[in-house]
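J.: Handing you a structure now.
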Amino acid sequence: MDQEKLHVAIISSPGMGHLIPVLLLGNRLATHHHLHATILAVTTQTSYVESQLLASLMDSRHINIIKIPLVDISNLLHPNDAVVTQLAVMMREARHGIRSAISAMTHRPDVLIADVFSSESLPIADEFHMRKYVYVPCSARFVSVTTYCHVLDEEIKGQYVDQREPLMIPGCDPVRCEDVPDPMLDRNNQQYKEYVRMGIDFATLSDGILMNTWTDLEPKSSDALKFNKILRSVVKVPVYNIGPLTREVEESSSKKSEVIEWLDRQPLESVLFVSFGSGGTPSADQITELAWGLELSQQRFLWVIRPPAGSSNDGAFFTAGTGTDGPPEYLPEGFLTRTQRVGLVLPLWAPQVEILNHRSVGGFLSHCGFNSVLESIKGGVPMIAWPLYAEQRLNASIVAEEQKVGVRPAVLPTKKVVGREEIEQMARRLMESEEGKRMREKVKALGESAKEALGIEGSSYNSMCEFIKCCEKKMTRP
Ligand code: UDP
């Protein structure tokens, strides 16, 4: 290892949705900015699909990965604890392992980057005279809400979702109360307390916040976080737009997959891709309505389907691609036969990035996980924004209201079943109408702006250089 190079250690909390953005950041720092990157990955069990994904992302020529085994925390958690509470507890207990891993390194890292759930590890950086940053692989809108939440906590009485007026974050577009991230839905839940604490940590414990977005996607929130006086009195540290870092289409010489061969046979921009991310699982009733809506719309579709959820919409949060892959008996009778000329249903998992970059794909019905939103925009594909959990409602508001590169159901899919007629109409609007055409043109331009932002001298490239310069300048070795 070249001792002269800046060495960055990045902590990842468990779950593919957390590890992938961290790996992408590590790869980017190593390949485009010639830094050393070590990933400190707090891990749970990895499924086969996850291992395959990891193998494709891990470029071991450039980055090291150190696995930090998860300590037994079963006595600290209640089975009903929410996801954010669980992750916060896991990462609190992982601090000892993280400290030991850093201490054992012969080439000590100069910089520690914590992911969203590991901000309580930032003080470890002080012990080793390292600079310390937070990487939030989400939108600037999310960062503004999260860091400002402790102010809202003092100003607003009662539940946020019961407010009559939207939430006002200085300098940002108003946030509809029903669009707040999950931890803000119930102020009495422990995960709300963790979330408020995380926002304070980001803005006060770190030397800066890295966000996986770019200025053209979120000009208003990005500007507010950087320049709005009131917001800056809360977020005192620099914020850097360094995105959109996403997985790219792999150049593979191996045989094309069946799904890509199917897409090859479809007309240009004619297929609506339907997928709810790595863990999204709509209810049985919703799946029935979705099937009818797709059929009635008479659009071509490619649907990644998994068994319906019981009570929650995020059944497979910690693992991807698990479950059975038997015939989808939960679809309406005869659906597969009636739609076989225009539709393809895939169980569990699909090569999403490849699909979104295929010429035949013209729309994406998405749960609006931020990676999916970024991948769709980079692929030039407009969306039906169908948020389910986490901060996806905020992401949907960027897609449908701020950028107008998508449509959104009138009701929140987590509260009410979206009916087949509305689904039919949204599919037609997106795939056939003049409005859909305009959205497609706009999203393609936005996709181009993403590529420019990441290119040499682009806004995100320059922002990353600025961050690296700060790390180099203020670095003090013991
Ligand atoms: N993904 C995929 N195939 C699938 C489902 C998901 O490749 O069938 C990938 C997708 O491309 C994205 C990630 O898994 O990179 C999902 O991340 P996102 O933030 O969109 O949502 P999450 O799954 O974390 O809710």
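Here's how to read the names in the structure tokens: chain A, B, ... by the order shown, residue numbers from 1 in each chain, ligand numbers from 1 in the order shown.
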Give me, as a ChimeraX atom specification, all polymer residues having an atom no more than 10 Å from segment 225-235 of chain A, counting only C-alpha atoms and skipping those fewer than 2 positions away in the same chain.

T.: /A:140-141,143-144,147-148,150-151,169-172,199-200,202-204,208-209,220-223,237-240

J.: Residues contacting ligand 1 - anything with an atom at most 6 Å away, using only C-alpha atoms and all ligand atoms - can you give me those as a list in words?

T.: Gly17, Gly277, Ser278, Gly279, Trp349, Ala350, Pro351, Gln352, Val353, Gly369, Phe370, Asn371 and Ser372 of chain A

J.: Which residue is closest to Arg164 of chain A? Choose from A:Lys437, A:Arg408, A:His34, A:Arg176 and count only C-alpha atoms.

T.: A:Arg176

J.: Grab the atom CA of Val271 of chain A to atom CA of Gly362 of chain A distance for me, in Å with one decimal place.

T.: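 Separating atom CA of Val271 of chain A from atom CA of Gly362 of chain A is a distance of 5.5 Å.
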
J.: Can you check which residues of segment 2-203 of chain A DSSP gives as helix (DSSP H, G or I) on the backbone and send them as a ChimeraX atom specification?

T.: /A:16-33,48-57,74-76,83-93,95-104,116-127,140-155,160-162,177-179,182-184,190-203

J.: Which residues, written as a list in words, have at least one atom at most 12 Å from Asn64 of chain A, with only C-alpha atoms counted and residues fewer than 4 positions away on the same chain left out?

T.: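 So the residues in contact are Met1, His7, Val8, Ala9, Ile10, Leu23, Gly26, Asn27, Ala30, Leu35, His36, Ala37, Thr38, Ile39, Leu40, Ala41, Met58, Asp59, Ser60, Met105 and Pro109 of chain A.
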
J.: Can I get the selection written as a tab-separated table (two decimals), in the first residue's frame, with N, CA and C atoms?

T.:
chain	number	residue	atom	x	y	z
A	1	MET	N	0.85	-1.21	0.00
A	1	MET	CA	0.00	0.00	0.00
A	1	MET	C	0.88	1.25	0.00
A	7	HIS	N	-5.72	7.65	2.79
A	7	HIS	CA	-6.40	6.38	3.06
A	7	HIS	C	-7.73	6.66	3.76
A	8	VAL	N	-8.81	6.23	3.13
A	8	VAL	CA	-10.15	6.51	3.64
A	8	VAL	C	-10.79	5.20	4.10
A	9	ALA	N	-11.33	5.18	5.33
A	9	ALA	CA	-12.08	4.00	5.80
A	9	ALA	C	-13.56	4.37	5.82
A	10	ILE	N	-14.39	3.50	5.25
A	10	ILE	CA	-15.83	3.80	5.18
A	10	ILE	C	-16.59	2.69	5.89
A	23	LEU	N	-19.72	0.72	-1.16
A	23	LEU	CA	-18.76	0.15	-2.11
A	23	LEU	C	-18.58	1.07	-3.32
A	26	GLY	N	-16.37	3.87	-2.26
A	26	GLY	CA	-14.98	3.41	-2.16
A	26	GLY	C	-14.36	3.25	-3.53
A	27	ASN	N	-15.08	2.60	-4.45
A	27	ASN	CA	-14.58	2.41	-5.82
A	27	ASN	C	-14.28	3.75	-6.49
A	30	ALA	N	-11.21	5.42	-5.13
A	30	ALA	CA	-9.99	4.73	-5.52
A	30	ALA	C	-9.70	4.90	-7.01
A	35	LEU	N	-7.22	7.30	-4.32
A	35	LEU	CA	-7.08	7.16	-2.87
A	35	LEU	C	-7.08	5.67	-2.51
A	36	HIS	N	-6.64	5.34	-1.30
A	36	HIS	CA	-6.85	3.99	-0.78
A	36	HIS	C	-8.19	3.97	-0.08
A	37	ALA	N	-8.96	2.93	-0.29
A	37	ALA	CA	-10.24	2.84	0.43
A	37	ALA	C	-10.34	1.49	1.12
A	38	THR	N	-10.74	1.53	2.38
A	38	THR	CA	-11.02	0.30	3.13
A	38	THR	C	-12.47	0.37	3.59
A	39	ILE	N	-13.20	-0.70	3.31
A	39	ILE	CA	-14.60	-0.74	3.74
A	39	ILE	C	-14.68	-1.55	5.03
A	40	LEU	N	-15.26	-0.96	6.05
A	40	LEU	CA	-15.50	-1.66	7.31
A	40	LEU	C	-16.97	-2.08	7.28
A	41	ALA	N	-17.20	-3.33	6.88
A	41	ALA	CA	-18.58	-3.77	6.64
A	41	ALA	C	-19.12	-4.57	7.82
A	58	MET	N	-17.13	-5.53	-6.07
A	58	MET	CA	-15.87	-5.43	-5.35
A	58	MET	C	-14.71	-5.47	-6.32
A	59	ASP	N	-14.04	-4.38	-6.49
A	59	ASP	CA	-12.84	-4.39	-7.31
A	59	ASP	C	-11.65	-4.45	-6.34
A	60	SER	N	-11.18	-5.68	-6.08
A	60	SER	CA	-10.19	-5.84	-5.02
A	60	SER	C	-8.83	-5.24	-5.39
A	105	MET	N	-4.84	-1.85	11.88
A	105	MET	CA	-4.33	-1.61	10.51
A	105	MET	C	-2.90	-1.07	10.57
A	109	PRO	N	-5.90	4.55	8.47
A	109	PRO	CA	-6.64	5.49	7.61
A	109	PRO	C	-6.50	6.93	8.12
